[in-house]
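Content type PDB, C-alpha atoms, from the file target-v4.pdb:
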```
ATOM      1  CA  MET E   1      -5.896  15.787  14.256
ATOM      2  CA  ILE E   2      -2.897  15.846  11.941
ATOM      3  CA  ARG E   3      -3.132  17.623   8.589
ATOM      4  CA  PHE E   4      -0.820  17.445   5.582
ATOM      5  CA  ALA E   5      -0.588  19.495   2.437
ATOM      6  CA  ASN E   6       0.722  17.056  -0.099
ATOM      7  CA  ASN E   7      -0.400  16.000  -3.520
ATOM      8  CA  MET E   8      -1.204  13.014  -5.691
ATOM      9  CA  HIS E   9       1.175  10.099  -5.324
ATOM     10  CA  GLU E  10       3.271  10.785  -8.402
ATOM     11  CA  PHE E  11       3.909  14.252  -7.032
ATOM     12  CA  SER E  12       5.427  12.911  -3.840
ATOM     13  CA  VAL E  13       7.469  10.240  -5.632
ATOM     14  CA  THR E  14       8.717  12.768  -8.195
ATOM     15  CA  LYS E  15       9.733  15.007  -5.293
ATOM     16  CA  SER E  16      11.655  12.051  -3.824
ATOM     17  CA  LEU E  17      13.240  11.471  -7.236
ATOM     18  CA  VAL E  18      14.431  15.095  -7.509
ATOM     19  CA  ASP E  19      15.767  15.017  -3.913
ATOM     20  CA  LEU E  20      17.583  11.750  -4.531
ATOM     21  CA  CYS E  21      19.189  13.059  -7.746
ATOM     22  CA  ASN E  22      20.193  16.358  -6.116
ATOM     23  CA  ASN E  23      21.920  14.476  -3.307
ATOM     24  CA  GLU E  24      23.741  12.205  -5.728
ATOM     25  CA  ALA E  25      24.802  15.253  -7.776
ATOM     26  CA  LYS E  26      26.210  16.922  -4.659
ATOM     27  CA  LYS E  27      28.131  13.792  -3.704
ATOM     28  CA  ASN E  28      29.693  13.655  -7.169
ATOM     29  CA  ASN E  29      30.318  17.398  -7.488
ATOM     30  CA  PHE E  30      27.921  17.802 -10.401
ATOM     31  CA  SER E  31      26.539  21.288 -10.845
ATOM     32  CA  ASN E  32      24.063  20.103 -13.443
ATOM     33  CA  ILE E  33      22.300  16.852 -14.247
ATOM     34  CA  TYR E  34      21.326  16.327 -17.868
ATOM     35  CA  LYS E  35      19.925  12.826 -17.837
ATOM     36  CA  ILE E  36      18.269  10.652 -15.231
ATOM     37  CA  TYR E  37      18.042   6.983 -16.140
ATOM     38  CA  LEU E  38      15.052   5.611 -14.285
ATOM     39  CA  LYS E  39      14.082   1.935 -14.122
ATOM     40  CA  ILE E  40      10.350   1.559 -13.766
ATOM     41  CA  GLY E  41       8.658  -1.826 -13.566
ATOM     42  CA  LYS E  42       5.327  -2.454 -15.255
ATOM     43  CA  PHE E  43       3.986  -3.889 -12.012
ATOM     44  CA  THR E  44       4.175  -0.624 -10.064
ATOM     45  CA  GLY E  45       1.519   2.008  -9.546
ATOM     46  CA  PHE E  46       3.534   4.772 -11.226
ATOM     47  CA  SER E  47       2.968   6.303 -14.603
ATOM     48  CA  PRO E  48       5.864   7.825 -16.609
ATOM     49  CA  ASP E  49       3.517  10.494 -18.022
ATOM     50  CA  SER E  50       2.534  11.764 -14.578
ATOM     51  CA  ILE E  51       6.120  11.645 -13.358
ATOM     52  CA  CYS E  52       7.168  13.805 -16.366
ATOM     53  CA  PHE E  53       4.327  16.201 -15.683
ATOM     54  CA  TYR E  54       5.371  16.762 -12.052
ATOM     55  CA  PHE E  55       9.075  16.707 -12.933
ATOM     56  CA  GLU E  56       8.669  19.774 -15.139
ATOM     57  CA  HIS E  57       7.024  21.517 -12.216
ATOM     58  CA  LEU E  58       9.620  20.455  -9.632
ATOM     59  CA  LYS E  59      12.931  20.745 -11.493
ATOM     60  CA  PRO E  60      13.442  24.571 -11.651
ATOM     61  CA  ASN E  61      16.032  25.859  -9.158
ATOM     62  CA  THR E  62      17.487  22.389  -8.605
ATOM     63  CA  LYS E  63      20.425  20.549 -10.110
ATOM     64  CA  CYS E  64      17.845  18.789 -12.289
ATOM     65  CA  LYS E  65      16.725  22.008 -14.001
ATOM     66  CA  ASP E  66      18.175  20.927 -17.382
ATOM     67  CA  ALA E  67      17.559  17.229 -16.943
ATOM     68  CA  GLU E  68      15.320  14.841 -18.778
ATOM     69  CA  ILE E  69      14.208  11.465 -17.510
ATOM     70  CA  ILE E  70      15.025   8.428 -19.626
ATOM     71  CA  PHE E  71      12.552   5.730 -18.640
ATOM     72  CA  ASP E  72      13.567   2.120 -18.920
ATOM     73  CA  GLU E  73      10.405   0.098 -18.442
ATOM     74  CA  VAL E  74      10.980  -3.337 -16.951
ATOM     75  CA  PRO E  75       8.613  -6.089 -18.094
ATOM     76  CA  ILE E  76       6.828  -8.349 -15.653
ATOM     77  CA  ARG E  77       8.655 -11.673 -15.400
ATOM     78  CA  ILE E  78       7.298 -14.511 -13.323
ATOM     79  CA  LYS E  79       8.495 -17.944 -12.333
ATOM     80  CA  CYS E  80       6.248 -20.875 -11.596
ATOM     81  CA  THR E  81       7.531 -22.644  -8.493
ATOM     82  CA  ASP E  82       5.683 -25.789  -9.565
ATOM     83  CA  CYS E  83       6.841 -26.399 -13.149
ATOM     84  CA  GLY E  84       9.855 -24.090 -12.973
ATOM     85  CA  LYS E  85       8.981 -22.204 -16.157
ATOM     86  CA  GLU E  86       9.878 -18.516 -16.416
ATOM     87  CA  SER E  87       7.618 -16.275 -18.468
ATOM     88  CA  GLU E  88       7.205 -12.658 -19.422
ATOM     89  CA  ILE E  89       3.633 -11.418 -19.124
ATOM     90  CA  GLU E  90       1.927  -8.262 -20.385
ATOM     91  CA  GLU E  91      -0.739  -8.007 -17.713
ATOM     92  CA  PRO E  92      -0.077  -8.793 -14.067
ATOM     93  CA  ILE E  93      -2.297 -11.863 -13.935
ATOM     94  CA  LEU E  94      -0.183 -14.195 -11.897
ATOM     95  CA  VAL E  95      -0.968 -17.543 -13.465
ATOM     96  CA  CYS E  96       1.664 -19.729 -15.118
ATOM     97  CA  PRO E  97       1.038 -19.591 -18.899
ATOM     98  CA  GLU E  98       2.661 -23.035 -19.151
ATOM     99  CA  CYS E  99       0.861 -25.166 -16.568
ATOM    100  CA  GLY E 100      -1.950 -22.860 -15.366
ATOM    101  CA  LYS E 101      -0.957 -23.067 -11.713
ATOM    102  CA  MET E 102      -0.948 -20.012  -9.462
ATOM    103  CA  THR E 103       2.291 -20.856  -7.678
ATOM    104  CA  ILE E 104       4.012 -17.747  -8.970
ATOM    105  CA  GLU E 105       7.009 -15.733  -7.898
ATOM    106  CA  VAL E 106       7.407 -12.277  -9.389
ATOM    107  CA  ILE E 107      10.989 -11.989 -10.663
ATOM    108  CA  SER E 108      10.828  -8.502 -12.122
ATOM    109  CA  GLY E 109       8.400  -5.682 -12.751
ATOM    110  CA  ARG E 110       8.427  -4.085  -9.294
ATOM    111  CA  GLU E 111      11.556  -1.969  -9.962
ATOM    112  CA  PHE E 112      11.474   1.721  -9.317
ATOM    113  CA  TYR E 113      14.985   3.079  -8.981
ATOM    114  CA  VAL E 114      17.484   5.518 -10.400
ATOM    115  CA  GLU E 115      19.927   3.450 -12.408
ATOM    116  CA  SER E 116      22.336   6.324 -13.122
ATOM    117  CA  ILE E 117      22.608  10.040 -13.698
ATOM    118  CA  GLU E 118      24.577  11.942 -16.297
ATOM    119  CA  GLY E 119      25.933  15.394 -15.615
ATOM    120  CA  GLU E 120      28.944  17.558 -14.998
TER     121      GLU E 120
ATOM    122  CA  MET P   1      30.022  14.976 -18.902
ATOM    123  CA  LYS P   2      30.038  11.911 -16.698
ATOM    124  CA  ARG P   3      27.557   9.118 -16.116
ATOM    125  CA  ILE P   4      27.536   7.626 -12.647
ATOM    126  CA  LYS P   5      25.716   4.618 -11.242
ATOM    127  CA  VAL P   6      23.163   5.395  -8.550
ATOM    128  CA  LEU P   7      21.082   2.213  -8.133
ATOM    129  CA  LYS P   8      18.835   3.650  -5.435
ATOM    130  CA  SER P   9      15.109   3.188  -5.048
ATOM    131  CA  VAL P  10      13.062   6.352  -5.449
ATOM    132  CA  LEU P  11      10.996   5.178  -2.502
ATOM    133  CA  VAL P  12      14.067   4.594  -0.359
ATOM    134  CA  SER P  13      13.275   7.352   2.143
ATOM    135  CA  ASN P  14       9.679   6.152   2.549
ATOM    136  CA  LYS P  15      10.883   2.562   2.969
ATOM    137  CA  GLN P  16      13.432   3.550   5.609
ATOM    138  CA  ARG P  17      10.874   5.555   7.541
ATOM    139  CA  ALA P  18       8.376   2.667   7.287
ATOM    140  CA  GLN P  19      10.995   0.355   8.750
ATOM    141  CA  GLU P  20      11.573   2.749  11.654
ATOM    142  CA  ASN P  21       7.816   2.954  12.257
ATOM    143  CA  ARG P  22       7.646  -0.840  12.189
ATOM    144  CA  GLN P  23      10.422  -1.140  14.776
ATOM    145  CA  GLN P  24       8.580   1.260  17.035
ATOM    146  CA  PHE P  25       5.307  -0.666  16.671
ATOM    147  CA  ASP P  26       7.186  -3.926  17.282
ATOM    148  CA  ARG P  27       8.587  -2.607  20.549
ATOM    149  CA  MET P  28       4.983  -2.359  21.758
ATOM    150  CA  ASN P  29       4.188  -5.806  20.282
ATOM    151  CA  SER P  30       1.322  -4.191  18.408
ATOM    152  CA  LEU P  31      -0.201  -5.989  15.453
ATOM    153  CA  VAL P  32      -0.503  -3.257  12.825
ATOM    154  CA  ILE P  33      -2.862  -3.687   9.880
ATOM    155  CA  ASN P  34      -3.009  -1.291   6.920
ATOM    156  CA  ILE P  35      -6.592  -1.401   5.641
ATOM    157  CA  ILE P  36      -7.007  -0.485   1.988
ATOM    158  CA  ALA P  37     -10.177  -0.389  -0.115
ATOM    159  CA  SER P  38     -12.098   1.858  -2.463
ATOM    160  CA  PRO P  39     -14.346   4.616  -1.072
ATOM    161  CA  GLY P  40     -17.574   3.114   0.207
ATOM    162  CA  ALA P  41     -16.330  -0.485   0.417
ATOM    163  CA  GLY P  42     -17.029  -0.488   4.146
ATOM    164  CA  LYS P  43     -13.613   0.064   5.724
ATOM    165  CA  THR P  44     -15.012   1.922   8.732
ATOM    166  CA  SER P  45     -17.904  -0.531   9.156
ATOM    167  CA  VAL P  46     -15.502  -3.489   9.118
ATOM    168  CA  ILE P  47     -13.309  -1.699  11.687
ATOM    169  CA  GLU P  48     -16.389  -1.106  13.872
ATOM    170  CA  ARG P  49     -17.112  -4.849  13.874
ATOM    171  CA  ILE P  50     -13.493  -5.709  14.719
ATOM    172  CA  VAL P  51     -13.519  -3.141  17.538
ATOM    173  CA  GLU P  52     -16.780  -4.550  18.933
ATOM    174  CA  TYR P  53     -15.319  -8.049  18.921
ATOM    175  CA  PHE P  54     -12.021  -7.168  20.602
ATOM    176  CA  LYS P  55     -12.665  -4.110  22.720
ATOM    177  CA  LYS P  56     -13.111  -5.996  25.984
ATOM    178  CA  LYS P  57     -10.143  -8.272  25.374
ATOM    179  CA  ARG P  58      -7.505  -6.065  23.773
ATOM    180  CA  LYS P  59      -6.332  -2.452  23.653
ATOM    181  CA  ILE P  60      -7.075  -1.058  20.229
ATOM    182  CA  LEU P  61      -6.032   2.107  18.421
ATOM    183  CA  VAL P  62      -7.542   3.195  15.121
ATOM    184  CA  ILE P  63      -5.615   5.598  12.894
ATOM    185  CA  GLU P  64      -7.977   7.199  10.402
ATOM    186  CA  GLY P  65      -6.611   8.500   7.107
ATOM    187  CA  ASP P  66      -8.949  10.759   5.182
ATOM    188  CA  ILE P  67      -8.477  13.593   2.756
ATOM    189  CA  ARG P  68     -10.581  15.810   4.990
ATOM    190  CA  GLY P  69     -12.895  15.803   7.969
ATOM    191  CA  GLN P  70     -13.376  13.653  11.033
ATOM    192  CA  ILE P  71     -16.560  11.793  10.114
ATOM    193  CA  ASP P  72     -15.059   8.329  10.583
ATOM    194  CA  SER P  73     -13.084   9.133  13.709
ATOM    195  CA  LYS P  74     -16.201  10.543  15.389
ATOM    196  CA  ARG P  75     -18.091   7.398  14.404
ATOM    197  CA  LEU P  76     -15.439   5.150  15.906
ATOM    198  CA  ALA P  77     -14.938   7.242  19.046
ATOM    199  CA  LYS P  78     -18.561   6.421  19.915
ATOM    200  CA  LEU P  79     -17.468   2.812  20.419
ATOM    201  CA  GLY P  80     -15.068   3.945  23.120
ATOM    202  CA  VAL P  81     -11.968   3.168  21.095
ATOM    203  CA  ASP P  82      -8.938   5.484  20.850
ATOM    204  CA  VAL P  83      -8.778   7.172  17.448
ATOM    205  CA  ILE P  84      -6.210   9.458  15.844
ATOM    206  CA  GLN P  85      -7.292  11.260  12.687
ATOM    207  CA  ILE P  86      -4.872  12.155   9.904
ATOM    208  CA  ASN P  87      -6.057  14.496   7.149
ATOM    209  CA  THR P  88      -3.968  14.115   4.027
ATOM    210  CA  VAL P  89      -5.636  17.217   2.486
ATOM    211  CA  THR P  90      -4.891  16.384  -1.153
ATOM    212  CA  ALA P  91      -2.798  13.231  -0.962
ATOM    213  CA  CYS P  92      -4.458  10.064  -2.147
ATOM    214  CA  HIS P  93      -2.658   7.762   0.308
ATOM    215  CA  LEU P  94      -0.901   7.642   3.663
ATOM    216  CA  ASP P  95       2.872   7.419   3.552
ATOM    217  CA  ALA P  96       5.435   6.462   6.173
ATOM    218  CA  PHE P  97       6.196  10.071   7.103
ATOM    219  CA  MET P  98       2.560  10.917   7.757
ATOM    220  CA  THR P  99       2.244   7.788   9.867
ATOM    221  CA  ALA P 100       5.399   8.740  11.776
ATOM    222  CA  GLN P 101       3.668  11.937  12.922
ATOM    223  CA  VAL P 102       1.221   9.777  14.852
ATOM    224  CA  LEU P 103       3.895   7.933  16.828
ATOM    225  CA  PRO P 104       4.577  10.640  19.457
ATOM    226  CA  LYS P 105       0.837  10.725  20.172
ATOM    227  CA  ILE P 106       0.762   7.063  21.111
ATOM    228  CA  ASP P 107       1.085   7.112  24.874
ATOM    229  CA  LYS P 108       0.129   3.564  25.799
ATOM    230  CA  LYS P 109       0.628   0.031  24.624
ATOM    231  CA  TYR P 110      -1.888  -1.189  22.073
ATOM    232  CA  ASN P 111      -2.320  -4.815  21.076
ATOM    233  CA  LEU P 112      -3.975  -3.951  17.797
ATOM    234  CA  ILE P 113      -3.494  -0.874  15.626
ATOM    235  CA  LEU P 114      -5.861  -0.599  12.675
ATOM    236  CA  ILE P 115      -4.873   1.996  10.103
ATOM    237  CA  GLU P 116      -7.661   2.999   7.732
ATOM    238  CA  ASN P 117      -5.966   4.288   4.601
ATOM    239  CA  VAL P 118      -7.486   6.816   2.201
ATOM    240  CA  GLY P 119     -10.224   5.216   0.061
ATOM    241  CA  ASN P 120      -8.339   4.232  -3.084
ATOM    242  CA  LEU P 121      -7.232   0.950  -4.670
ATOM    243  CA  VAL P 122      -4.200   2.356  -6.475
ATOM    244  CA  CYS P 123      -1.801   4.602  -4.568
ATOM    245  CA  PRO P 124      -1.939   3.271  -0.987
ATOM    246  CA  ALA P 125      -0.621  -0.064  -2.252
ATOM    247  CA  GLU P 126       2.744   1.470  -3.192
ATOM    248  CA  PHE P 127       3.554   3.091   0.147
ATOM    249  CA  GLU P 128       4.591   1.016   3.128
ATOM    250  CA  ILE P 129       3.740   2.780   6.365
ATOM    251  CA  GLY P 130       5.194   0.379   8.929
ATOM    252  CA  GLU P 131       2.393  -2.169   8.930
ATOM    253  CA  ASP P 132       2.690  -5.883   9.621
ATOM    254  CA  TYR P 133       0.542  -6.461   6.568
ATOM    255  CA  LYS P 134      -2.036  -5.012   4.245
ATOM    256  CA  LEU P 135      -5.684  -6.004   4.392
ATOM    257  CA  ALA P 136      -7.777  -5.302   1.299
ATOM    258  CA  ILE P 137     -11.553  -5.031   1.408
ATOM    259  CA  LEU P 138     -13.554  -5.771  -1.709
ATOM    260  CA  SER P 139     -17.284  -5.102  -1.512
ATOM    261  CA  THR P 140     -19.717  -7.025  -3.666
ATOM    262  CA  PRO P 141     -21.310  -4.044  -5.515
ATOM    263  CA  GLU P 142     -17.857  -3.135  -6.855
ATOM    264  CA  GLY P 143     -17.753  -6.277  -8.982
ATOM    265  CA  ASP P 144     -15.658  -9.430  -9.000
ATOM    266  CA  ASP P 145     -13.197  -8.049 -11.551
ATOM    267  CA  LYS P 146     -11.510  -5.533  -9.242
ATOM    268  CA  PRO P 147      -8.528  -7.765  -8.339
ATOM    269  CA  MET P 148      -7.724  -7.927 -12.060
ATOM    270  CA  LYS P 149      -8.087  -4.184 -12.531
ATOM    271  CA  TYR P 150      -6.080  -3.219  -9.449
ATOM    272  CA  PRO P 151      -3.647  -6.126  -9.264
ATOM    273  CA  LEU P 152      -0.918  -4.600  -7.138
ATOM    274  CA  LEU P 153      -3.028  -4.196  -4.003
ATOM    275  CA  PHE P 154      -4.372  -7.740  -4.251
ATOM    276  CA  HIS P 155      -0.869  -9.019  -4.929
ATOM    277  CA  LEU P 156       0.449  -7.406  -1.752
ATOM    278  CA  ALA P 157      -2.489  -7.921   0.625
ATOM    279  CA  LYS P 158      -2.071 -10.895   2.952
ATOM    280  CA  VAL P 159      -5.762 -10.810   3.848
ATOM    281  CA  VAL P 160      -8.740  -9.970   1.641
ATOM    282  CA  VAL P 161     -12.166  -9.400   3.141
ATOM    283  CA  ILE P 162     -15.159  -9.645   0.811
ATOM    284  CA  ASN P 163     -17.705  -7.308   2.383
ATOM    285  CA  LYS P 164     -21.428  -6.699   1.793
ATOM    286  CA  CYS P 165     -22.082 -10.406   1.192
ATOM    287  CA  ASP P 166     -25.686  -9.720   2.331
ATOM    288  CA  LEU P 167     -26.133  -8.006  -1.063
ATOM    289  CA  LEU P 168     -25.110 -11.056  -3.091
ATOM    290  CA  PRO P 169     -28.691 -11.836  -4.227
ATOM    291  CA  TYR P 170     -29.032  -8.311  -5.632
ATOM    292  CA  VAL P 171     -25.722  -7.622  -7.346
ATOM    293  CA  ASP P 172     -23.859  -9.246 -10.235
ATOM    294  CA  PHE P 173     -20.956 -10.453  -8.132
ATOM    295  CA  ARG P 174     -19.685 -13.956  -8.830
ATOM    296  CA  LYS P 175     -18.160 -14.892  -5.500
ATOM    297  CA  ASN P 176     -16.156 -17.851  -6.769
ATOM    298  CA  GLN P 177     -14.861 -15.834  -9.687
ATOM    299  CA  ALA P 178     -13.826 -13.061  -7.276
ATOM    300  CA  LYS P 179     -11.896 -15.548  -5.154
ATOM    301  CA  LYS P 180     -10.239 -16.952  -8.241
ATOM    302  CA  ASN P 181      -9.249 -13.445  -9.326
ATOM    303  CA  ILE P 182      -7.785 -12.698  -5.893
ATOM    304  CA  LEU P 183      -5.820 -15.953  -5.807
ATOM    305  CA  ARG P 184      -4.477 -15.234  -9.274
ATOM    306  CA  GLU P 185      -2.743 -12.194  -7.834
ATOM    307  CA  ASN P 186      -1.727 -13.853  -4.597
ATOM    308  CA  SER P 187      -2.133 -17.590  -4.228
ATOM    309  CA  LYS P 188      -1.470 -17.313  -0.462
ATOM    310  CA  ALA P 189      -4.150 -14.673   0.250
ATOM    311  CA  ARG P 190      -6.465 -15.450   3.191
ATOM    312  CA  ILE P 191      -9.990 -14.632   2.040
ATOM    313  CA  PHE P 192     -12.940 -14.003   4.374
ATOM    314  CA  GLU P 193     -16.574 -13.383   3.447
ATOM    315  CA  VAL P 194     -18.426 -10.982   5.710
ATOM    316  CA  SER P 195     -21.261  -8.536   5.987
ATOM    317  CA  ALA P 196     -20.468  -5.588   8.228
ATOM    318  CA  LYS P 197     -24.189  -4.766   8.075
ATOM    319  CA  THR P 198     -25.422  -8.054   9.556
ATOM    320  CA  GLY P 199     -22.220  -9.167  11.294
ATOM    321  CA  ASP P 200     -22.124 -12.440   9.359
ATOM    322  CA  GLY P 201     -18.686 -13.930   8.903
ATOM    323  CA  PHE P 202     -16.990 -11.876  11.630
ATOM    324  CA  GLY P 203     -16.747 -14.837  14.017
ATOM    325  CA  LYS P 204     -14.462 -16.656  11.628
ATOM    326  CA  PHE P 205     -12.581 -13.553  10.542
ATOM    327  CA  CYS P 206     -12.009 -12.300  14.098
ATOM    328  CA  SER P 207     -10.815 -15.691  15.344
ATOM    329  CA  PHE P 208      -8.227 -15.530  12.579
ATOM    330  CA  LEU P 209      -7.206 -12.059  13.832
ATOM    331  CA  GLU P 210      -7.096 -13.379  17.384
ATOM    332  CA  LYS P 211      -4.582 -16.024  16.348
ATOM    333  CA  GLU P 212      -2.511 -13.316  14.681
ATOM    334  CA  LEU P 213      -2.669 -11.217  17.855
ATOM    335  CA  ASN P 214      -1.605 -14.171  19.999
ATOM    336  CA  ALA P 215       1.313 -14.849  17.697
ATOM    337  CA  LYS P 216       2.415 -11.227  17.813
ATOM    338  CA  GLU P 217       2.125 -11.079  21.614
ATOM    339  CA  LYS P 218       4.166 -14.269  21.996
ATOM    340  CA  LYS P 219       7.018 -12.662  20.088
ATOM    341  CA  GLY P 220       7.336  -9.999  22.806
TER     342      GLY P 220
END
```

In structure tokens, what does this structure look like?
Amino acid sequence: MIRFANNMHEFSVTKSLVDLCNNEAKKNNFSNIYKIYLKIGKFTGFSPDSICFYFEHLKPNTKCKDAEIIFDEVPIRIKCTDCGKESEIEEPILVCPECGKMTIEVISGREFYVESIEGE
Amino acid sequence: MKRIKVLKSVLVSNKQRAQENRQQFDRMNSLVINIIASPGAGKTSVIERIVEYFKKKRKILVIEGDIRGQIDSKRLAKLGVDVIQINTVTACHLDAFMTAQVLPKIDKKYNLILIENVGNLVCPAEFEIGEDYKLAILSTPEGDDKPMKYPLLFHLAKVVVINKCDLLPYVDFRKNQAKKNILRENSKARIFEVSAKTGDGFGKFCSFLEKELNAKEKKG
């Protein structure tokens, strides 16, 4: 049997976020990061509130210790491959609002990446 | 003060590890299915039926993900199938790194690897573990609205199994509405109706899996 001591999923992704930013800071000779610009799609399973909660817990003793996260939420955009219409939708119900068909491609909303960091 | 572009996915390390897992599974020509459902939907019971169907024809490995205990792995071991248990302790999902820990323990070639994820419709959907595809199970007592409430899983799952169809006369589950809700998230989803209790529907579902296994073996 294999056992792990981990935590809820936002904990592990926030840990990945801090690691990623620390590495980028090292590469760019930053001693401190002040802002992390994070793109987060509305069609992901991650909540900005939980990420902030874990971030406060994880940032001490890292290059992120003085950093705040600036969330840029990306709306869900879909394209109907039948009628060609592009639409922005609030809820991820993948039906074309124009023609009602379910031939949908998700264009955006699945983003979850660090766009940039600010520091010195 | 300087602002620099990063443009890197937060999940990049998980994705890379998942890709490495996938390559390793591919070298064995194993069909790897990541099974995701809520607690009590019947993941283990569905796996038992699949194992019964294939155990004389194919080599099967089940990887059991649970927060604690070995209840399911003991249950499955009784069927004579190889099982590896992972306890995530507090984590609500399996990730690629946890799955990677299993790889050194795999000492023979398996045709089919079934990975039972932690019972949860939310988090497991976000983490690739090296699977060929995700299979979601929706059980009738949960209600036909679940694909709308947990859209990401149903968007990503190639196959959806509606389980506990023997309970349809007793629960308020509109089967056609459920299918509509699934297809709204993924118009290409393959949907199967089964009852792990009675075995109904597994003939059709397992012949689908058999075709998938044949296709995977041909690639080798």

Using Å and a single decimal, report how far CA of Tyr54 (chain E) sits from CA of Glu126 (chain P).
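That distance, rounded to one decimal, is 17.9 Å.
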
Hey, list the chain P side of the contact with chain E: 7 Å cut-off, all atoms listed in the file, answer as a list in words.
Met1, Lys2, Arg3, Ile4, Lys5, Val6, Leu7, Lys8, Ser9, Val10, Leu11, Ile84, Gln85, Ile86, Asn87, Thr88, Val89, Thr90, Ala91, Cys92, Val122, Cys123, Glu126, Met148, Pro151, Leu152, Arg184, Glu185 and Ser187 of chain P

I need the residue set behind the PyMOL selection byres ((chain P and resi 66) around 6) for this file; please write it as a compact mmCIF listing (two decimals) with C-alpha atoms, in the frame of the given file.
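Writing the result to out.txt gives the following:
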```
# COMPACT_ATOMS: atom_id res chain seq x y z
CA GLY P 65 -6.61 8.50 7.11
CA ILE P 67 -8.48 13.59 2.76
CA ARG P 68 -10.58 15.81 4.99
CA ASN P 87 -6.06 14.50 7.15
CA VAL P 118 -7.49 6.82 2.20
```

At a cut-off of 8 Å, using all atoms listed in the file, what residues contact region 157-174 of chain P? Leave out same-chain residues fewer than 5 positions from it and give the result as a PyMOL selection string.
chain P and resi 41-42+133-141+143-144+186+188-198

CA of Ile107 (chain E) and CA of Ser38 (chain P) are how many Å apart?
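Spanning CA of Ile107 (chain E) to CA of Ser38 (chain P) is a straight-line distance of 28.1 Å.
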
How would you write as an mmCIF file with C-alpha atoms, in the frame of the given file the residues that get within 9 Å of (-7.8, 5.1, 22.2) in the file's frame, counting all atoms listed in the file?
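Below is the file point_2.cif, written as the result:
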```cif
data_model
loop_
_atom_site.group_PDB
_atom_site.id
_atom_site.type_symbol
_atom_site.label_atom_id
_atom_site.label_comp_id
_atom_site.auth_asym_id
_atom_site.auth_seq_id
_atom_site.Cartn_x
_atom_site.Cartn_y
_atom_site.Cartn_z
ATOM 1 C CA LYS P 59 -6.332 -2.452 23.653
ATOM 2 C CA ILE P 60 -7.075 -1.058 20.229
ATOM 3 C CA LEU P 61 -6.032 2.107 18.421
ATOM 4 C CA VAL P 62 -7.542 3.195 15.121
ATOM 5 C CA ALA P 77 -14.938 7.242 19.046
ATOM 6 C CA GLY P 80 -15.068 3.945 23.120
ATOM 7 C CA VAL P 81 -11.968 3.168 21.095
ATOM 8 C CA ASP P 82 -8.938 5.484 20.850
ATOM 9 C CA VAL P 83 -8.778 7.172 17.448
ATOM 10 C CA ILE P 84 -6.210 9.458 15.844
ATOM 11 C CA ILE P 106 0.762 7.063 21.111
ATOM 12 C CA LYS P 108 0.129 3.564 25.799
ATOM 13 C CA TYR P 110 -1.888 -1.189 22.073
#
```

Quote the spacing between CA of Arg58 (chain P) and CA of Gln24 (chain P) in Å to one decimal place.
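Rounded to one decimal, the two atoms are 18.9 Å apart.
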
Got a sec: who's within 6 Å of Val74 (chain E), counting all atoms listed in the file, leaving out chain neighbours fewer than 5 positions off, as a list of chain:residue names?
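Surrounding residues, per the criterion: E:Ile40, E:Gly41, E:Lys42, E:Gly109.
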
Place a sphere of radius 12 Å on (6.5, 10.9, 16.1) in the file coordinates and name every protein, DNA or RNA residue with an atom inside or on its surface, counting only C-alpha atoms; give the answer as a list in words.
Ile2 of chain E; Arg17, Glu20, Asn21, Gln24, Phe25, Ala96, Phe97, Met98, Thr99, Ala100, Gln101, Val102, Leu103, Pro104, Lys105, Ile106 and Asp107 of chain P

Generate the output file for the selected residues, C-alpha atoms, as a compact mmCIF listing (two decimals), in the coordinates of the input.
```txt
# COMPACT_ATOMS: atom_id res chain seq x y z
CA ILE E 2 -2.90 15.85 11.94
CA ARG P 17 10.87 5.56 7.54
CA GLU P 20 11.57 2.75 11.65
CA ASN P 21 7.82 2.95 12.26
CA GLN P 24 8.58 1.26 17.04
CA PHE P 25 5.31 -0.67 16.67
CA ALA P 96 5.44 6.46 6.17
CA PHE P 97 6.20 10.07 7.10
CA MET P 98 2.56 10.92 7.76
CA THR P 99 2.24 7.79 9.87
CA ALA P 100 5.40 8.74 11.78
CA GLN P 101 3.67 11.94 12.92
CA VAL P 102 1.22 9.78 14.85
CA LEU P 103 3.90 7.93 16.83
CA PRO P 104 4.58 10.64 19.46
CA LYS P 105 0.84 10.72 20.17
CA ILE P 106 0.76 7.06 21.11
CA ASP P 107 1.08 7.11 24.87
```

Selected residue of minimal separation from Ala18 (chain P) among P:Asp95, P:Asp200, P:Leu156, P:Gly119, counting only C-alpha atoms
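Checking each candidate against Ala18 (chain P), we get P:Asp95 as the closest.
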
On this file, the PyMOL selection byres ((chain P and resi 31) around 6) gives some set of residues; write that set as a PyMOL selection string.
chain P and resi 30+32+112

Could you tell me, as an mmCIF file with C-alpha atoms, in the coordinates of the input, exactly which residues end up selected when the PyMOL selection byres ((chain E and resi 56) around 10) is applied to this structure?
```cif
data_model
loop_
_atom_site.group_PDB
_atom_site.id
_atom_site.type_symbol
_atom_site.label_atom_id
_atom_site.label_comp_id
_atom_site.auth_asym_id
_atom_site.auth_seq_id
_atom_site.Cartn_x
_atom_site.Cartn_y
_atom_site.Cartn_z
ATOM 1 C CA THR E 14 8.717 12.768 -8.195
ATOM 2 C CA ILE E 51 6.120 11.645 -13.358
ATOM 3 C CA CYS E 52 7.168 13.805 -16.366
ATOM 4 C CA PHE E 53 4.327 16.201 -15.683
ATOM 5 C CA TYR E 54 5.371 16.762 -12.052
ATOM 6 C CA PHE E 55 9.075 16.707 -12.933
ATOM 7 C CA HIS E 57 7.024 21.517 -12.216
ATOM 8 C CA LEU E 58 9.620 20.455 -9.632
ATOM 9 C CA LYS E 59 12.931 20.745 -11.493
ATOM 10 C CA PRO E 60 13.442 24.571 -11.651
ATOM 11 C CA CYS E 64 17.845 18.789 -12.289
ATOM 12 C CA LYS E 65 16.725 22.008 -14.001
ATOM 13 C CA ASP E 66 18.175 20.927 -17.382
ATOM 14 C CA ALA E 67 17.559 17.229 -16.943
ATOM 15 C CA GLU E 68 15.320 14.841 -18.778
#
```
